[in-house]
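K.L.:
Handing over final29.cif, mmCIF, C-alpha atoms and all ligand atoms.
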```cif
data_query
#
loop_
_atom_site.label_atom_id
_atom_site.label_comp_id
_atom_site.auth_asym_id
_atom_site.auth_seq_id
_atom_site.Cartn_x
_atom_site.Cartn_y
_atom_site.Cartn_z
CA MET H 1 9.89 191.33 375.15
CA ALA H 2 6.45 191.09 373.62
CA LYS H 3 3.72 193.58 374.40
CA VAL H 4 0.69 191.56 375.51
CA VAL H 5 -2.79 192.97 374.84
CA ALA H 6 -6.06 191.33 375.97
CA ILE H 7 -9.15 192.03 373.87
CA ALA H 8 -11.94 191.90 376.45
CA ASN H 9 -15.61 192.70 377.01
CA GLN H 10 -17.92 190.23 378.69
CA LYS H 11 -20.68 191.08 376.22
CA GLY H 12 -20.86 188.72 373.26
CA GLY H 13 -21.00 189.89 369.68
CA VAL H 14 -19.28 193.27 370.19
CA GLY H 15 -16.39 192.55 367.81
CA LYS H 16 -13.74 191.09 370.15
CA THR H 17 -12.75 188.22 367.89
CA THR H 18 -12.93 190.30 364.70
CA THR H 19 -10.69 192.88 366.37
CA ALA H 20 -8.26 190.30 367.80
CA VAL H 21 -7.81 188.48 364.48
CA ASN H 22 -7.54 191.60 362.38
CA ILE H 23 -5.29 193.65 364.64
CA SER H 24 -3.02 190.61 364.88
CA ALA H 25 -2.95 190.13 361.10
CA CYS H 26 -2.41 193.86 360.45
CA LEU H 27 0.45 194.00 362.95
CA ALA H 28 2.00 191.00 361.17
CA TYR H 29 1.37 192.69 357.80
CA ILE H 30 3.40 195.73 358.88
CA GLY H 31 6.27 193.45 359.86
CA LYS H 32 5.70 192.67 363.53
CA LYS H 33 6.01 189.15 364.88
CA VAL H 34 2.66 188.31 366.44
CA LEU H 35 1.16 185.54 368.55
CA LEU H 36 -2.65 185.44 368.60
CA VAL H 37 -3.87 183.61 371.69
CA ASP H 38 -7.41 182.24 371.56
CA ILE H 39 -8.91 181.65 374.99
CA ASP H 40 -12.55 181.47 373.94
CA PRO H 41 -13.84 177.86 373.83
CA GLN H 42 -15.79 178.81 370.69
CA GLY H 43 -12.45 178.96 368.87
CA ASN H 44 -13.56 181.65 366.41
CA ALA H 45 -10.20 183.43 366.43
CA THR H 46 -8.52 180.09 365.70
CA SER H 47 -10.65 179.35 362.63
CA GLY H 48 -10.69 183.02 361.58
CA ALA H 49 -6.88 182.91 361.42
CA GLY H 50 -7.05 179.93 359.08
CA ILE H 51 -6.47 177.02 361.46
CA GLU H 52 -8.64 173.98 360.88
CA LYS H 53 -10.03 172.28 363.97
CA GLY H 54 -8.86 168.91 362.66
CA ASP H 55 -5.25 170.12 362.64
CA VAL H 56 -5.24 170.96 366.35
CA ASP H 57 -3.93 168.21 368.64
CA GLU H 58 -3.15 170.29 371.70
CA CYS H 59 -4.78 173.64 372.39
CA VAL H 60 -4.74 176.35 375.04
CA TYR H 61 -6.64 173.95 377.32
CA ASN H 62 -3.59 171.71 377.51
CA LEU H 63 -1.44 174.73 378.35
CA LEU H 64 -3.68 175.93 381.16
CA VAL H 65 -4.81 172.67 382.71
CA GLU H 66 -2.13 170.14 381.80
CA ASP H 67 1.11 172.14 381.65
CA ALA H 68 1.69 171.28 377.97
CA LYS H 69 4.69 172.88 376.24
CA ILE H 70 3.66 176.04 374.39
CA ASN H 71 5.93 175.28 371.43
CA GLN H 72 3.90 172.15 370.79
CA VAL H 73 0.66 174.12 370.85
CA ILE H 74 1.59 177.08 368.60
CA LYS H 75 0.44 176.92 364.95
CA GLN H 76 1.31 178.94 361.85
CA SER H 77 -1.70 180.99 360.63
CA SER H 78 -2.72 181.94 357.11
CA VAL H 79 -0.60 185.10 357.52
CA GLU H 80 3.20 185.30 357.50
CA ASN H 81 4.61 186.40 360.89
CA LEU H 82 1.36 185.45 362.65
CA HIS H 83 1.29 182.40 364.92
CA VAL H 84 -1.67 181.17 366.91
CA VAL H 85 -2.27 179.43 370.22
CA PRO H 86 -5.50 177.68 369.18
CA SER H 87 -8.55 176.97 371.27
CA THR H 88 -11.04 174.13 370.98
CA ILE H 89 -14.35 173.33 372.64
CA GLN H 90 -12.30 171.30 375.17
CA LEU H 91 -11.52 174.64 376.81
CA SER H 92 -15.13 175.01 377.94
CA GLY H 93 -14.36 172.78 380.92
CA ALA H 94 -11.32 174.80 381.98
CA GLU H 95 -13.22 177.52 383.81
CA ILE H 96 -14.36 174.90 386.34
CA GLU H 97 -11.35 172.58 386.20
CA LEU H 98 -9.00 175.44 387.05
CA VAL H 99 -10.82 176.40 390.25
CA PRO H 100 -9.03 173.98 392.61
CA THR H 101 -5.60 174.24 390.96
CA ILE H 102 -2.55 176.05 392.27
CA SER H 103 -1.76 179.47 390.79
CA ARG H 104 -4.87 179.19 388.66
CA GLU H 105 -4.87 182.89 387.71
CA ILE H 106 -1.29 183.01 386.42
CA ARG H 107 -1.18 179.89 384.25
CA LEU H 108 -1.50 181.71 380.93
CA LYS H 109 1.11 184.27 381.99
CA LYS H 110 3.56 181.49 382.81
CA ALA H 111 2.94 179.69 379.52
CA LEU H 112 3.32 182.84 377.42
CA SER H 113 6.49 183.89 379.22
CA GLU H 114 8.22 180.86 377.66
CA VAL H 115 8.08 182.47 374.20
CA ASP H 116 8.06 186.13 375.21
CA GLY H 117 11.32 186.88 373.38
CA GLU H 118 10.07 185.49 370.06
CA TYR H 119 7.28 188.01 369.44
CA ASP H 120 6.67 191.76 369.27
CA TYR H 121 2.99 191.41 370.19
CA MET H 122 0.75 188.84 371.79
CA ILE H 123 -2.97 189.47 371.31
CA ILE H 124 -5.41 187.52 373.50
CA ASP H 125 -9.01 186.99 372.35
CA CYS H 126 -11.13 186.65 375.51
CA PRO H 127 -14.43 184.78 375.97
CA PRO H 128 -17.66 186.68 376.71
CA SER H 129 -17.37 186.35 380.50
CA LEU H 130 -15.36 187.68 383.43
CA GLY H 131 -14.40 184.24 384.74
CA LEU H 132 -11.03 182.59 385.27
CA LEU H 133 -10.13 182.57 381.57
CA THR H 134 -10.50 186.35 381.26
CA ILE H 135 -8.71 186.79 384.61
CA ASN H 136 -5.83 184.70 383.22
CA ALA H 137 -5.74 186.96 380.15
CA LEU H 138 -5.74 190.17 382.20
CA THR H 139 -3.05 188.80 384.49
CA ALA H 140 -0.85 187.92 381.51
CA SER H 141 -1.31 191.28 379.76
CA ASP H 142 0.35 194.67 379.68
CA SER H 143 -2.92 196.24 378.65
CA VAL H 144 -6.56 195.62 377.83
CA LEU H 145 -8.26 196.80 374.65
CA ILE H 146 -12.04 197.05 374.92
CA PRO H 147 -14.26 196.81 371.83
CA VAL H 148 -17.58 198.60 372.32
CA GLN H 149 -20.37 198.14 369.81
CA CYS H 150 -22.11 201.29 368.57
CA GLU H 151 -25.61 200.39 369.78
CA TYR H 152 -28.03 201.23 372.55
CA TYR H 153 -26.73 200.29 376.02
CA ALA H 154 -23.17 200.37 374.66
CA LEU H 155 -21.79 201.29 378.08
CA GLU H 156 -23.87 198.71 379.92
CA GLY H 157 -21.68 196.17 381.70
CA LEU H 158 -18.51 198.18 381.23
CA SER H 159 -18.40 199.16 384.91
CA GLN H 160 -18.22 195.44 385.78
CA LEU H 161 -15.38 194.99 383.32
CA LEU H 162 -13.52 198.00 384.74
CA ASN H 163 -14.11 196.66 388.23
CA THR H 164 -12.54 193.34 387.23
CA VAL H 165 -9.60 195.26 385.73
CA ARG H 166 -9.16 197.11 389.04
CA LEU H 167 -9.26 193.86 391.04
CA VAL H 168 -6.63 192.32 388.78
CA GLN H 169 -4.50 195.47 389.13
CA LYS H 170 -4.79 195.26 392.90
CA HIS H 171 -4.13 191.58 393.41
CA LEU H 172 -2.48 190.03 390.35
CA ASN H 173 -1.01 192.51 387.89
CA THR H 174 -0.28 196.02 389.14
CA ASP H 175 1.02 197.12 385.73
CA LEU H 176 -2.15 196.34 383.77
CA ALA H 177 -3.13 199.41 381.71
CA ILE H 178 -6.16 200.31 379.63
CA GLU H 179 -4.89 200.31 376.03
CA GLY H 180 -8.07 201.93 374.83
CA VAL H 181 -11.66 201.57 373.74
CA VAL H 182 -12.43 200.86 370.09
CA LEU H 183 -15.89 201.59 368.75
CA THR H 184 -17.11 198.83 366.44
CA MET H 185 -19.83 198.11 363.90
CA LEU H 186 -20.76 201.74 363.35
CA ASP H 187 -23.65 202.22 360.98
CA ALA H 188 -22.93 205.72 359.72
CA ARG H 189 -26.44 206.07 358.29
CA THR H 190 -28.03 206.33 361.73
CA ASN H 191 -27.88 209.05 364.35
CA LEU H 192 -27.72 206.41 367.04
CA GLY H 193 -24.13 205.54 366.17
CA LEU H 194 -23.05 209.14 366.49
CA GLN H 195 -24.81 209.48 369.85
CA VAL H 196 -23.04 206.38 371.13
CA ILE H 197 -19.66 207.73 369.98
CA GLU H 198 -20.31 210.93 371.93
CA GLU H 199 -21.42 209.04 375.02
CA VAL H 200 -18.41 206.69 375.00
CA LYS H 201 -16.00 209.60 374.44
CA LYS H 202 -17.52 211.48 377.37
CA TYR H 203 -16.88 208.47 379.59
CA PHE H 204 -13.46 207.27 378.33
CA ARG H 205 -12.09 210.56 376.92
CA GLU H 206 -8.62 210.24 375.41
CA LYS H 207 -8.76 206.46 375.86
CA VAL H 208 -11.00 206.13 372.80
CA PHE H 209 -9.11 205.20 369.62
CA ASN H 210 -9.44 207.68 366.75
CA THR H 211 -10.11 204.79 364.39
CA ILE H 212 -13.75 203.73 364.44
CA ILE H 213 -14.67 200.37 362.87
CA PRO H 214 -17.71 200.64 360.60
CA ARG H 215 -20.04 197.81 359.67
CA ASN H 216 -18.43 196.27 356.64
CA VAL H 217 -19.79 193.26 354.76
CA ARG H 218 -16.30 192.02 353.87
CA LEU H 219 -15.33 191.92 357.57
CA GLY H 220 -18.29 189.64 358.22
CA GLU H 221 -17.42 187.37 355.28
CA ALA H 222 -13.69 186.95 355.87
CA PRO H 223 -13.83 184.45 358.81
CA SER H 224 -15.71 181.84 356.78
CA HIS H 225 -12.72 181.78 354.42
CA GLY H 226 -10.23 181.44 357.30
CA LEU H 227 -8.67 184.72 356.27
CA PRO H 228 -8.11 187.99 358.12
CA ILE H 229 -9.46 190.96 356.17
CA ILE H 230 -6.01 192.08 355.05
CA LEU H 231 -5.70 188.85 353.02
CA TYR H 232 -9.37 188.41 352.13
CA ASP H 233 -9.83 191.89 350.63
CA VAL H 234 -6.95 194.29 351.15
CA LYS H 235 -8.80 197.08 349.34
CA SER H 236 -11.90 196.91 351.56
CA ARG H 237 -12.83 199.58 354.09
CA GLY H 238 -12.49 196.89 356.78
CA ALA H 239 -8.84 196.27 355.90
CA GLU H 240 -8.16 199.99 355.85
CA VAL H 241 -9.60 200.66 359.31
CA TYR H 242 -7.99 197.66 361.01
CA LEU H 243 -4.64 198.68 359.55
CA ASP H 244 -5.22 202.18 360.97
CA LEU H 245 -6.11 200.70 364.35
CA ALA H 246 -3.01 198.48 364.37
CA LYS H 247 -0.87 201.54 363.63
CA GLU H 248 -2.52 203.43 366.49
CA VAL H 249 -1.66 200.54 368.81
CA VAL H 250 1.98 200.64 367.65
CA ALA H 251 2.13 204.44 368.04
CA GLY H 252 0.72 204.11 371.58
CA GLY H 253 3.95 202.29 372.55
P1 LIG W 301 -17.33 188.80 369.81
O1 LIG W 301 -16.03 188.11 369.65
O2 LIG W 301 -17.28 189.99 370.71
O3 LIG W 301 -18.43 187.86 370.20
P2 LIG W 301 -17.31 188.95 366.91
O4 LIG W 301 -16.05 189.61 366.52
O5 LIG W 301 -17.37 187.47 366.78
O6 LIG W 301 -17.75 189.40 368.36
O7 LIG W 301 -18.46 189.64 366.03
C1 LIG W 301 -19.81 189.19 366.09
C2 LIG W 301 -20.34 189.01 364.67
O8 LIG W 301 -20.34 190.27 363.98
C3 LIG W 301 -19.49 188.09 363.81
O9 LIG W 301 -20.34 187.35 362.95
C4 LIG W 301 -18.60 189.02 363.01
O10 LIG W 301 -18.21 188.47 361.76
C5 LIG W 301 -19.52 190.22 362.82
N1 LIG W 301 -18.78 191.48 362.77
C6 LIG W 301 -17.90 191.95 363.68
N2 LIG W 301 -17.44 193.16 363.36
C7 LIG W 301 -18.04 193.49 362.19
C8 LIG W 301 -18.00 194.64 361.32
N3 LIG W 301 -17.24 195.71 361.62
N4 LIG W 301 -18.77 194.63 360.20
C9 LIG W 301 -19.54 193.56 359.92
N5 LIG W 301 -19.64 192.47 360.68
C10 LIG W 301 -18.90 192.41 361.81
MG MG W 302 -15.43 186.18 370.17
#
```
As a first step, turn the structure in this file into structure tokens.

P.N.:
Amino acid sequence: MAKVVAIANQKGGVGKTTTAVNISACLAYIGKKVLLVDIDPQGNATSGAGIEKGDVDECVYNLLVEDAKINQVIKQSSVENLHVVPSTIQLSGAEIELVPTISREIRLKKALSEVDGEYDYMIIDCPPSLGLLTINALTASDSVLIPVQCEYYALEGLSQLLNTVRLVQKHLNTDLAIEGVVLTMLDARTNLGLQVIEEVKKYFREKVFNTIIPRNVRLGEAPSHGLPIILYDVKSRGAEVYLDLAKEVVAGG
């Protein structure tokens, strides 16, 4: 059975997609079989994992709204052992189209359960909202991993996210756990970053991953080449930290 982890935070630009793509690729790199599931209509995880938009016939939209077969949707990424359920802009209508449908919150869970035995990990890249797509991800997941950017107001909005997690635990997925909080885009030259680390650790305590992701130019460049950092520049600091983070996730069970 695969362990399913949702990467969620309704704030945009905090490093969700970078974390989803690179944890997935690093888990694959250390020999795990991984399915990266893109449920953001922007499709950045899809392209970041090396899948060209033109090569996608059916995407996660067809899974959620049209009951497509997941095996027809899954694509091979640029990394061995890493497969992808791609997303396209078509998914932007799903949030509304799903509203009147039956079992609208458990559609992703049902689709993923078809291939559960084929993977060690499934990593879901969520959109920057707490709507039905994120609810589908949380319902399908064993745990949620929350990237928090090292900036002012880092904790802002997190109570809403935790509230959504609690609602999902109560009504849809009693076993949903918090995998942890990962601090991202740290600029070690400023005091601000260190203050934010302290603040987040005070709030989330042992739930904060030891690995902190610094700002790293190579991490920002890699997506435009359709390569996770581990393939784009294995010697970079970005590759090193995401490998550390992936190992922490594995050690966490
Ligand atoms: P989200 O998915 O939460 O919107 P992204 O992962 O897309 O956030 O990150 C936002 C932007 O910041 C992207 O352009 C990404 O390449 C860049 N970025 C993310 N993490 C880092 C990092 N550690 N160092 C440098 N750039 C980063
Ligand atoms: Mg994103």

K.L.:
Tell me, as a list in words, which residues lie within 7 Å of segment 142-151 of chain H, counting all atoms listed in the file; anything in the same chain fewer than 5 positions away does not count.

P.N.:
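Selected residues are Lys3, Val4, Val5, Ala6, Ile7, Ala8, Asn9, Val14, Gly15, Lys16, Asp175, Leu176, Ala177, Ile178, Glu179, Gly180, Val181, Val182, Leu183, Thr184, Met185, Leu186, Leu192, Gly193 and Val196 of chain H.
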
K.L.:
Just the selected residues (C-alpha atoms), exported as an mmCIF file, in the frame of the given file, please.

P.N.:
```
data_model
loop_
_atom_site.group_PDB
_atom_site.id
_atom_site.type_symbol
_atom_site.label_atom_id
_atom_site.label_comp_id
_atom_site.auth_asym_id
_atom_site.auth_seq_id
_atom_site.Cartn_x
_atom_site.Cartn_y
_atom_site.Cartn_z
ATOM 1 C CA LYS H 3 3.720 193.580 374.400
ATOM 2 C CA VAL H 4 0.690 191.560 375.510
ATOM 3 C CA VAL H 5 -2.790 192.970 374.840
ATOM 4 C CA ALA H 6 -6.060 191.330 375.970
ATOM 5 C CA ILE H 7 -9.150 192.030 373.870
ATOM 6 C CA ALA H 8 -11.940 191.900 376.450
ATOM 7 C CA ASN H 9 -15.610 192.700 377.010
ATOM 8 C CA VAL H 14 -19.280 193.270 370.190
ATOM 9 C CA GLY H 15 -16.390 192.550 367.810
ATOM 10 C CA LYS H 16 -13.740 191.090 370.150
ATOM 11 C CA ASP H 175 1.020 197.120 385.730
ATOM 12 C CA LEU H 176 -2.150 196.340 383.770
ATOM 13 C CA ALA H 177 -3.130 199.410 381.710
ATOM 14 C CA ILE H 178 -6.160 200.310 379.630
ATOM 15 C CA GLU H 179 -4.890 200.310 376.030
ATOM 16 C CA GLY H 180 -8.070 201.930 374.830
ATOM 17 C CA VAL H 181 -11.660 201.570 373.740
ATOM 18 C CA VAL H 182 -12.430 200.860 370.090
ATOM 19 C CA LEU H 183 -15.890 201.590 368.750
ATOM 20 C CA THR H 184 -17.110 198.830 366.440
ATOM 21 C CA MET H 185 -19.830 198.110 363.900
ATOM 22 C CA LEU H 186 -20.760 201.740 363.350
ATOM 23 C CA LEU H 192 -27.720 206.410 367.040
ATOM 24 C CA GLY H 193 -24.130 205.540 366.170
ATOM 25 C CA VAL H 196 -23.040 206.380 371.130
#
```

K.L.:
Write out as JSON lines a residue-level contact list of chain H versus ligand LIG 301 (chain W) with cut-off 7 Å: for each qualifying residue the closest pair of atoms and the distance in Å to one decimal, counting only C-alpha atoms and all ligand atoms, rows sorted by chain and residue number upward.

P.N.:
```
{"residue": "H:Lys11", "atom": "CA", "partner": "W:LIG301", "partner_atom": "O2", "distance": 6.6}
{"residue": "H:Gly12", "atom": "CA", "partner": "W:LIG301", "partner_atom": "O3", "distance": 4.0}
{"residue": "H:Gly13", "atom": "CA", "partner": "W:LIG301", "partner_atom": "O3", "distance": 3.3}
{"residue": "H:Val14", "atom": "CA", "partner": "W:LIG301", "partner_atom": "O2", "distance": 3.9}
{"residue": "H:Gly15", "atom": "CA", "partner": "W:LIG301", "partner_atom": "O4", "distance": 3.2}
{"residue": "H:Lys16", "atom": "CA", "partner": "W:LIG301", "partner_atom": "O2", "distance": 3.7}
{"residue": "H:Thr17", "atom": "CA", "partner": "W:LIG301", "partner_atom": "O1", "distance": 3.7}
{"residue": "H:Thr18", "atom": "CA", "partner": "W:LIG301", "partner_atom": "O4", "distance": 3.7}
{"residue": "H:Thr19", "atom": "CA", "partner": "W:LIG301", "partner_atom": "O4", "distance": 6.3}
{"residue": "H:Asn44", "atom": "CA", "partner": "W:LIG301", "partner_atom": "O5", "distance": 7.0}
{"residue": "H:Pro128", "atom": "CA", "partner": "W:LIG301", "partner_atom": "O3", "distance": 6.7}
{"residue": "H:Thr184", "atom": "CA", "partner": "W:LIG301", "partner_atom": "N3", "distance": 5.7}
{"residue": "H:Met185", "atom": "CA", "partner": "W:LIG301", "partner_atom": "N3", "distance": 4.2}
{"residue": "H:Ile213", "atom": "CA", "partner": "W:LIG301", "partner_atom": "N3", "distance": 5.5}
{"residue": "H:Pro214", "atom": "CA", "partner": "W:LIG301", "partner_atom": "N3", "distance": 5.1}
{"residue": "H:Arg215", "atom": "CA", "partner": "W:LIG301", "partner_atom": "N4", "distance": 3.5}
{"residue": "H:Asn216", "atom": "CA", "partner": "W:LIG301", "partner_atom": "N4", "distance": 3.9}
{"residue": "H:Val217", "atom": "CA", "partner": "W:LIG301", "partner_atom": "C9", "distance": 5.2}
{"residue": "H:Leu219", "atom": "CA", "partner": "W:LIG301", "partner_atom": "C9", "distance": 5.1}
{"residue": "H:Gly220", "atom": "CA", "partner": "W:LIG301", "partner_atom": "O10", "distance": 3.7}
{"residue": "H:Glu221", "atom": "CA", "partner": "W:LIG301", "partner_atom": "O10", "distance": 6.6}
{"residue": "H:Pro223", "atom": "CA", "partner": "W:LIG301", "partner_atom": "O10", "distance": 6.6}
{"residue": "H:Gly238", "atom": "CA", "partner": "W:LIG301", "partner_atom": "N3", "distance": 6.9}
```

K.L.:
What does the distance between atom CA of Ile51 of chain H and atom CA of Gln90 of chain H come to in Å, to one decimal place?

P.N.:
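Straight-line distance from atom CA of Ile51 of chain H to atom CA of Gln90 of chain H works out to 16.0 Å.
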
K.L.:
What does the distance from atom CA of Ala140 of chain H to atom CA of Val168 of chain H come to in Å, to one decimal?

P.N.:
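Atom-to-atom, atom CA of Ala140 of chain H and atom CA of Val168 of chain H are spaced 10.3 Å apart.
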
K.L.:
So, with all atoms listed in the file as the atoms that count, which of H:Val115, H:Asp67, H:Asn81, H:Val21 lies closest to ligand MG 302 (chain W)?

P.N.:
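With all atoms listed in the file as the atom set, the closest residue is H:Val21.
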
K.L.:
For a test of reading the model, state the distance in Å between atom CA of Ser113 of chain H and atom CA of Leu172 of chain H, rounded to one decimal.

P.N.:
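Pair atom CA of Ser113 of chain H / atom CA of Leu172 of chain H returns 15.6 Å.
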
K.L.:
So that I can see what lies close to segment 242-251 of chain H, please list as number ranges by chain the residues with an atom at most 6 Å from it, counting all atoms listed in the file and leaving out residues fewer than 4 positions away in the same chain.

P.N.:
H: 23, 26-27, 211

K.L.:
Name the residues in contact with Lys75 of chain H at a cut-off of 7 Å, using all atoms listed in the file, excluding same-chain residues fewer than 2 positions from it; report them as a VMD selection string.

P.N.:
chain H and resid 73 77 83 to 85

K.L.:
Using only C-alpha atoms, can you tell me which of H:Val60, H:Val99, H:Met1, H:Leu231 comes closest to Glu114 of chain H?

P.N.:
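Checking each of H:Val60, H:Val99, H:Met1, H:Leu231 against Glu114 of chain H, counting only C-alpha atoms, the winner is H:Met1.
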
K.L.:
Which residue gives the smallest distance to Leu91 of chain H among H:Asp187, H:Asp55, H:Asp38, H:Asp125, with all atoms listed in the file counted?

P.N.:
H:Asp38

K.L.:
Of the residues H:Gly252, H:Gly226, H:Pro86, H:Gly50, which is the one nearest to Leu35 of chain H, using all atoms listed in the file?

P.N.:
H:Pro86

K.L.:
As an MDAnalysis selection string, please: the residues near Gly93 of chain H (cut-off 10 Å, all atoms listed in the file, same-chain neighbours under 3 positions excluded).

P.N.:
chainID H and resid 41 61 65 89:90 96:98

K.L.:
May I ask which of the residues H:Ile30, H:Cys126, H:Ala188, H:Leu132 is the closest one to ligand MG 302 (chain W), counting all atoms listed in the file?

P.N.:
H:Cys126

K.L.:
Could you rebuild segment 237-250 of chain H with N, CA and C atoms and give it back as a CSV table (one decimal), in the coordinates of the input?

P.N.:
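As written to disk, result.csv reads:
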```
chain,number,residue,atom,x,y,z
H,237,ARG,N,-12.8,198.6,353.0
H,237,ARG,CA,-12.8,199.6,354.1
H,237,ARG,C,-12.4,198.9,355.4
H,238,GLY,N,-12.8,197.6,355.6
H,238,GLY,CA,-12.5,196.9,356.8
H,238,GLY,C,-11.0,196.7,356.9
H,239,ALA,N,-10.3,196.4,355.8
H,239,ALA,CA,-8.8,196.3,355.9
H,239,ALA,C,-8.2,197.6,356.2
H,240,GLU,N,-8.7,198.6,355.6
H,240,GLU,CA,-8.2,200.0,355.8
H,240,GLU,C,-8.3,200.4,357.3
H,241,VAL,N,-9.4,200.2,357.9
H,241,VAL,CA,-9.6,200.7,359.3
H,241,VAL,C,-8.8,199.8,360.3
H,242,TYR,N,-8.8,198.5,360.1
H,242,TYR,CA,-8.0,197.7,361.0
H,242,TYR,C,-6.5,197.9,360.9
H,243,LEU,N,-6.0,198.3,359.7
H,243,LEU,CA,-4.6,198.7,359.6
H,243,LEU,C,-4.4,200.0,360.3
H,244,ASP,N,-5.3,200.9,360.2
H,244,ASP,CA,-5.2,202.2,361.0
H,244,ASP,C,-5.2,201.9,362.5
H,245,LEU,N,-6.0,201.0,362.9
H,245,LEU,CA,-6.1,200.7,364.4
H,245,LEU,C,-4.8,200.1,364.8
H,246,ALA,N,-4.3,199.1,364.0
H,246,ALA,CA,-3.0,198.5,364.4
H,246,ALA,C,-1.9,199.5,364.5
H,247,LYS,N,-1.9,200.5,363.6
H,247,LYS,CA,-0.9,201.5,363.6
H,247,LYS,C,-1.0,202.4,364.9
H,248,GLU,N,-2.3,202.7,365.3
H,248,GLU,CA,-2.5,203.4,366.5
H,248,GLU,C,-2.0,202.7,367.7
H,249,VAL,N,-2.2,201.4,367.7
H,249,VAL,CA,-1.7,200.5,368.8
H,249,VAL,C,-0.1,200.6,368.9
H,250,VAL,N,0.5,200.6,367.7
H,250,VAL,CA,2.0,200.6,367.6
H,250,VAL,C,2.4,202.0,368.1
```
